[in-house]
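Colleague: Pasting in a structure now, in structure tokens, and then I'll have a few things to ask.
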Amino acid sequence: MKYLYITDSPDIARYVDQCGVDRIFIDLELLGKVERQGGRDTVISHHQVGNISRVKEAVQHAEVLVRLNPLNPESSNEIEAVLDQGADCLMLPMFKSVGDVEWFCQRVNHRAKVVLLVETVEAMMNLSQIVRVPGVTQIHIGLNDLHLDLELNFMFELMSNGMVEEMAGICRSANMPFGVGGISTMDQGLVTGNLVLSEHARLGSEWVILSRSFHQLATNLTELKSKIKLPLEIQKTNHVFSKLLNRSKFEIEQDKQLLYQTINDVSSNLRTERNAS
């Protein structure tokens, strides 16, 4: 499994690179984001274009991935600014059509890897064509915005209702590398990291975002180190994933059923809470 870590701090990037993170995720997306999140308890980054080159210089092994804004009249300028800063990968969020993807890939023109964030219903429905667009390097299935677009109660319902499995199958058929959402540390989260990771192993996912529990909302390296032993947590995650890859068919099915039941229970509780409020 390969890991993405969201930060635009050169000091934190240098440290997590040493810990074994594969991509530093710099998040420039702001257009429409507050409105889409609807007051939910999500983290909205305020990263700076000027930090891309600083992060790039700070890391030795990890690639630098930059999430841009959704397509807009300034997209061409945004692409050029990010490429000028040395980004290795450009992520396109909130796209809908094959035409959106074709325009983006043509504009990037193989100067960086193109990672598509599938997080709209239209992108999901067009995925079988999208994975075959020249220039697309990788798919990442974005659970949060996609579950909002589908008006689901809980983002991991996309796993239990079969939608992630269907999209994973499309990616595998096209030999397109893909990742899915994010994970908590192995023993934390409404659905624990190890249980979510079991589905990544079953479906053939290669990438996952290390989410809030790996960050602890730290604003600097000293604070991060005081809140979490990141090398240990990544080591634990690697160990769990290695074991998951060697399960029997019976164990795989057991883990799948446990995951789906856990997701559905959380979804039911969230629905009850919202109806009561």
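FYI, nothing fancy with the structure tokens labels: chains A, B, ... in order, residues from 1 per chain, ligands from 1 as they appear.
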Report the residues of segment 60-229 of chain A whose backbone DSSP state falls under alpha helix (DSSP H), written as an NGL selection string.
Modeller: :A and (75-84 or 98-108 or 121-125 or 127-130 or 143-149 or 157-160 or 163-173 or 193-203 or 212-215 or 221-227)
Colleague: Which residues come within 12 Å of Leu230 of chain A, counting only C-alpha atoms, excluding same-chain residues fewer than 4 positions away, as a short mmCIF file (atom, residue, chain, number, x, y, z; two decimals) with N, CA, C and O atoms, in the first residue's frame?
Modeller:
```
data_model
loop_
_atom_site.label_atom_id
_atom_site.label_comp_id
_atom_site.auth_asym_id
_atom_site.auth_seq_id
_atom_site.Cartn_x
_atom_site.Cartn_y
_atom_site.Cartn_z
N TYR A 5 0.03 11.90 2.26
CA TYR A 5 -0.02 12.66 3.52
C TYR A 5 -0.23 14.13 3.19
O TYR A 5 0.54 14.73 2.44
N ILE A 12 7.38 19.19 7.96
CA ILE A 12 6.56 17.98 8.13
C ILE A 12 6.74 17.07 6.93
O ILE A 12 6.85 15.84 7.08
N TYR A 15 9.91 15.09 7.22
CA TYR A 15 9.78 14.05 8.26
C TYR A 15 8.95 12.87 7.77
O TYR A 15 9.37 11.71 7.92
N VAL A 16 7.78 13.13 7.17
CA VAL A 16 6.91 12.02 6.76
C VAL A 16 7.53 11.27 5.57
O VAL A 16 7.29 10.08 5.41
N ASP A 17 8.32 11.96 4.77
CA ASP A 17 9.08 11.31 3.70
C ASP A 17 10.03 10.27 4.31
O ASP A 17 10.11 9.13 3.84
N GLN A 18 10.69 10.62 5.38
CA GLN A 18 11.60 9.71 6.07
C GLN A 18 10.83 8.56 6.73
O GLN A 18 11.38 7.47 6.93
N CYS A 19 9.56 8.80 7.07
CA CYS A 19 8.73 7.78 7.72
C CYS A 19 8.16 6.77 6.73
O CYS A 19 7.58 5.76 7.14
N GLY A 20 8.30 7.04 5.42
CA GLY A 20 7.83 6.08 4.42
C GLY A 20 6.59 6.49 3.66
O GLY A 20 5.99 5.67 2.96
N VAL A 21 6.19 7.76 3.75
CA VAL A 21 5.06 8.24 2.96
C VAL A 21 5.49 8.37 1.50
O VAL A 21 6.60 8.80 1.20
N THR A 185 -5.72 5.60 11.80
CA THR A 185 -4.76 4.64 12.34
C THR A 185 -5.49 3.34 12.62
O THR A 185 -6.73 3.30 12.68
N LEU A 210 -3.58 9.09 4.35
CA LEU A 210 -3.48 8.98 5.80
C LEU A 210 -4.25 10.16 6.39
O LEU A 210 -3.84 11.31 6.27
N SER A 213 -6.29 11.18 11.97
CA SER A 213 -5.63 10.58 13.13
C SER A 213 -4.12 10.44 12.95
O SER A 213 -3.37 10.34 13.92
N PHE A 214 -3.64 10.47 11.70
CA PHE A 214 -2.20 10.46 11.43
C PHE A 214 -1.60 11.86 11.51
O PHE A 214 -0.39 12.02 11.53
N HIS A 215 -2.47 12.88 11.55
CA HIS A 215 -2.03 14.27 11.59
C HIS A 215 -2.19 14.88 12.97
O HIS A 215 -1.39 15.72 13.38
N GLN A 216 -3.29 14.48 13.63
CA GLN A 216 -3.62 15.04 14.94
C GLN A 216 -3.77 16.57 14.90
O GLN A 216 -3.56 17.27 15.88
N LEU A 221 6.02 20.57 13.08
CA LEU A 221 6.65 19.26 13.27
C LEU A 221 6.78 18.91 14.74
O LEU A 221 6.54 17.75 15.12
N GLU A 223 4.89 19.76 17.23
CA GLU A 223 3.57 19.35 17.73
C GLU A 223 3.18 17.97 17.21
O GLU A 223 2.65 17.13 17.95
N LEU A 224 3.46 17.71 15.94
CA LEU A 224 3.14 16.41 15.36
C LEU A 224 3.86 15.29 16.10
O LEU A 224 3.26 14.28 16.48
N LYS A 225 5.16 15.46 16.33
CA LYS A 225 5.95 14.43 17.01
C LYS A 225 5.48 14.21 18.44
O LYS A 225 5.59 13.10 18.97
N SER A 226 4.95 15.26 19.07
CA SER A 226 4.49 15.13 20.45
C SER A 226 3.15 14.41 20.54
O SER A 226 2.80 13.86 21.59
N ILE A 234 2.84 3.97 10.92
CA ILE A 234 2.99 3.51 9.54
C ILE A 234 3.51 2.07 9.50
O ILE A 234 3.07 1.26 8.68
N GLN A 235 4.40 1.75 10.42
CA GLN A 235 4.88 0.37 10.51
C GLN A 235 3.73 -0.59 10.83
O GLN A 235 3.62 -1.66 10.24
N LYS A 236 2.86 -0.19 11.76
CA LYS A 236 1.69 -1.01 12.09
C LYS A 236 0.79 -1.20 10.87
O LYS A 236 0.30 -2.31 10.60
N THR A 237 0.59 -0.12 10.13
CA THR A 237 -0.27 -0.18 8.95
C THR A 237 0.32 -1.11 7.90
O THR A 237 -0.40 -1.93 7.30
#
```
Colleague: Would you please extract all strand (DSSP E or B) residues from segment 36-179 of chain A, as assigned by DSSP on the backbone, and give them as a list in words?
Modeller: Glu63, Val64, Leu65, Val66, Arg67, Cys89, Leu90, Met91, Leu92, Lys113, Val114, Val115, Leu116, Leu117, Val118, Val136, Thr137, Gln138, Ile139, His140, Ile141, Phe178 and Gly179 of chain A
Colleague: Emit the selected residues as an mmCIF file, in the first residue's frame, including C-alpha atoms.
Modeller:
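Result written to again-v7.cif:
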```
data_model
loop_
_atom_site.group_PDB
_atom_site.id
_atom_site.type_symbol
_atom_site.label_atom_id
_atom_site.label_comp_id
_atom_site.auth_asym_id
_atom_site.auth_seq_id
_atom_site.Cartn_x
_atom_site.Cartn_y
_atom_site.Cartn_z
ATOM 1 C CA GLU A 63 6.415 12.592 -4.984
ATOM 2 C CA VAL A 64 4.598 15.913 -4.605
ATOM 3 C CA LEU A 65 0.932 15.748 -5.602
ATOM 4 C CA VAL A 66 -1.123 18.939 -5.872
ATOM 5 C CA ARG A 67 -4.913 19.013 -5.860
ATOM 6 C CA CYS A 89 1.347 14.872 -9.929
ATOM 7 C CA LEU A 90 -1.727 17.005 -10.566
ATOM 8 C CA MET A 91 -5.067 15.951 -9.099
ATOM 9 C CA LEU A 92 -8.314 17.083 -10.715
ATOM 10 C CA LYS A 113 1.154 12.548 -13.681
ATOM 11 C CA VAL A 114 -2.615 13.069 -13.826
ATOM 12 C CA VAL A 115 -4.593 11.706 -10.868
ATOM 13 C CA LEU A 116 -8.365 11.956 -11.211
ATOM 14 C CA LEU A 117 -10.444 12.301 -8.058
ATOM 15 C CA VAL A 118 -13.759 10.567 -8.741
ATOM 16 C CA VAL A 136 -4.667 9.580 -17.170
ATOM 17 C CA THR A 137 -2.193 8.009 -14.759
ATOM 18 C CA GLN A 138 -4.318 7.018 -11.789
ATOM 19 C CA ILE A 139 -7.818 7.123 -10.293
ATOM 20 C CA HIS A 140 -8.599 8.003 -6.699
ATOM 21 C CA ILE A 141 -12.133 7.379 -5.464
ATOM 22 C CA PHE A 178 -6.364 3.311 -8.180
ATOM 23 C CA GLY A 179 -6.807 4.284 -4.569
#
```
Colleague: Which residue is closest to Asn161 of chain A? Choose from A:Ser97, A:Glu251, A:His147, A:Ser9 and count only C-alpha atoms.
Modeller: A:His147
Colleague: Calculate how many Å separate atom CA of Ser160 of chain A from atom CA of Ala201 of chain A, rounding to one decimal.
Modeller: 15.1 Å
Colleague: Figure out the distance between atom CA of Lys243 of chain A and atom CA of Arg212 of chain A, please, to one decimal in Å.
Modeller: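 Separation between atom CA of Arg212 of chain A and atom CA of Lys243 of chain A: 23.9 Å.
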Colleague: Between atom CA of Ala62 of chain A and atom CA of Arg23 of chain A, what is the distance in Å, rounded to a tenth?
Modeller: 4.9 Å
Colleague: Applying 9 Å and only C-alpha atoms, which residues near Val98 of chain A remain after dropping the ones on its own chain fewer than 6 positions away? List them as JSON, numbers by chain.
Modeller: {"A": [123, 126, 127, 129, 130, 133]}
Colleague: Near Gly50 of chain A, within 9 Å and counting only C-alpha atoms, which residues show up once chain neighbours fewer than 4 positions away are dropped, as a PDB file with C-alpha atoms, in the first residue's frame?
Modeller:
```
ATOM      1  CA  ARG A  54       9.765  24.283  -0.853  1.00  0.00           C
ATOM      2  CA  VAL A  82       1.752  24.408 -10.202  1.00  0.00           C
ATOM      3  CA  GLN A  85       6.681  24.982  -8.948  1.00  0.00           C
TER       4      GLN A  85
END
```
Colleague: Nearest residue to Gly162 of chain A out of A:Met176, A:Ile183, A:Leu203, A:Leu244, using only C-alpha atoms?
Modeller: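 Checking each candidate against Gly162 of chain A, we get A:Leu203 as the closest.
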Colleague: Any idea what's packed within 7 Å of Ser198 of chain A, counting only C-alpha atoms, ignoring anything in its chain fewer than 4 positions away? Could you give it as a list in words?
Modeller: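 Contacts, in chain order: Asn194, Arg202, Leu244 and Asp255 of chain A.
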Colleague: Go through A:Leu195, A:Leu158, A:Met186, A:Leu28 one by one, measure the shortest atom-to-atom distance of each to Glu78 of chain A using only C-alpha atoms, and give the residue with the smallest value.
Modeller: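 Ranking A:Leu195, A:Leu158, A:Met186, A:Leu28 by distance to Glu78 of chain A, first place goes to A:Leu28.
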Colleague: Pick out the closest residue to Asn175 of chain A from this set: A:Met163, A:Asn153, A:Gly204, A:Gly193. Count only C-alpha atoms.
Modeller: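 Closest residue, counting only C-alpha atoms: A:Gly204.
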Colleague: As a list of chain:residue names, please: the residues near Ser75 of chain A (cut-off 12 Å, only C-alpha atoms, same-chain neighbours under 4 positions excluded).
Modeller: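 Selected residues are A:Leu28, A:Glu29, A:Leu31, A:Arg67, A:Leu68, A:Asn69, A:Pro70, A:Leu71, A:Ile79, A:Glu80, A:Ala81, A:Val82, A:Leu90, A:Leu92, A:Pro93, A:Asp100, A:Trp103, A:Phe104, A:Arg107, A:Val108.
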Colleague: For those residues, write N, CA and C atoms to a file as a compact mmCIF listing (two decimals), in the first residue's frame.
Modeller:
```txt
# COMPACT_ATOMS: atom_id res chain seq x y z
N LEU A 28 -4.77 22.67 -2.89
CA LEU A 28 -5.11 24.04 -3.26
C LEU A 28 -6.60 24.23 -3.51
N GLU A 29 -7.38 23.16 -3.37
CA GLU A 29 -8.80 23.25 -3.70
C GLU A 29 -9.58 24.05 -2.66
N LEU A 31 -12.48 26.32 -4.24
CA LEU A 31 -13.71 26.73 -4.93
C LEU A 31 -14.87 25.80 -4.62
N ARG A 67 -3.51 18.97 -5.45
CA ARG A 67 -4.91 19.01 -5.86
C ARG A 67 -5.27 20.45 -6.24
N LEU A 68 -5.74 20.62 -7.47
CA LEU A 68 -6.13 21.93 -7.96
C LEU A 68 -7.60 22.20 -7.63
N ASN A 69 -8.06 23.38 -8.00
CA ASN A 69 -9.48 23.68 -7.93
C ASN A 69 -10.23 22.92 -9.02
N PRO A 70 -11.54 22.74 -8.87
CA PRO A 70 -12.32 22.22 -9.99
C PRO A 70 -12.12 23.11 -11.22
N LEU A 71 -12.40 22.58 -12.39
CA LEU A 71 -12.20 23.34 -13.62
C LEU A 71 -12.96 24.66 -13.55
N ILE A 79 -2.78 25.40 -13.60
CA ILE A 79 -1.96 24.27 -14.04
C ILE A 79 -0.52 24.73 -14.27
N GLU A 80 -0.34 25.82 -14.98
CA GLU A 80 1.00 26.32 -15.29
C GLU A 80 1.75 26.72 -14.02
N ALA A 81 1.05 27.38 -13.09
CA ALA A 81 1.69 27.82 -11.85
C ALA A 81 2.18 26.64 -11.04
N VAL A 82 1.39 25.60 -10.98
CA VAL A 82 1.75 24.41 -10.20
C VAL A 82 2.89 23.65 -10.88
N LEU A 90 -0.63 16.06 -10.68
CA LEU A 90 -1.73 17.00 -10.57
C LEU A 90 -3.02 16.24 -10.38
N LEU A 92 -7.13 16.34 -10.29
CA LEU A 92 -8.31 17.08 -10.72
C LEU A 92 -9.53 16.62 -9.91
N PRO A 93 -10.14 17.53 -9.12
CA PRO A 93 -11.33 17.17 -8.35
C PRO A 93 -12.61 17.56 -9.08
N ASP A 100 -14.14 16.89 -19.76
CA ASP A 100 -13.37 17.56 -18.71
C ASP A 100 -11.98 16.92 -18.59
N TRP A 103 -9.71 17.57 -21.69
CA TRP A 103 -9.15 18.92 -21.68
C TRP A 103 -8.00 19.02 -20.68
N PHE A 104 -8.19 18.47 -19.48
CA PHE A 104 -7.18 18.56 -18.44
C PHE A 104 -5.90 17.83 -18.86
N ARG A 107 -4.02 19.70 -21.48
CA ARG A 107 -3.38 20.91 -20.96
C ARG A 107 -2.11 20.55 -20.18
N VAL A 108 -2.17 19.46 -19.41
CA VAL A 108 -0.99 19.01 -18.66
C VAL A 108 0.08 18.49 -19.61
```
Colleague: Of the residues A:Ser242, A:Asn269, A:Ser173, A:Asn220, which is the one nearest to Leu197 of chain A, using only C-alpha atoms?
Modeller: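 Of the candidates, the smallest distance to Leu197 of chain A is held by A:Ser242.
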Colleague: Tell me which of A:Asp88, A:Val266, A:Met94, A:Ala276 sits closest to His110 of chain A, counting only C-alpha atoms.
Modeller: A:Asp88
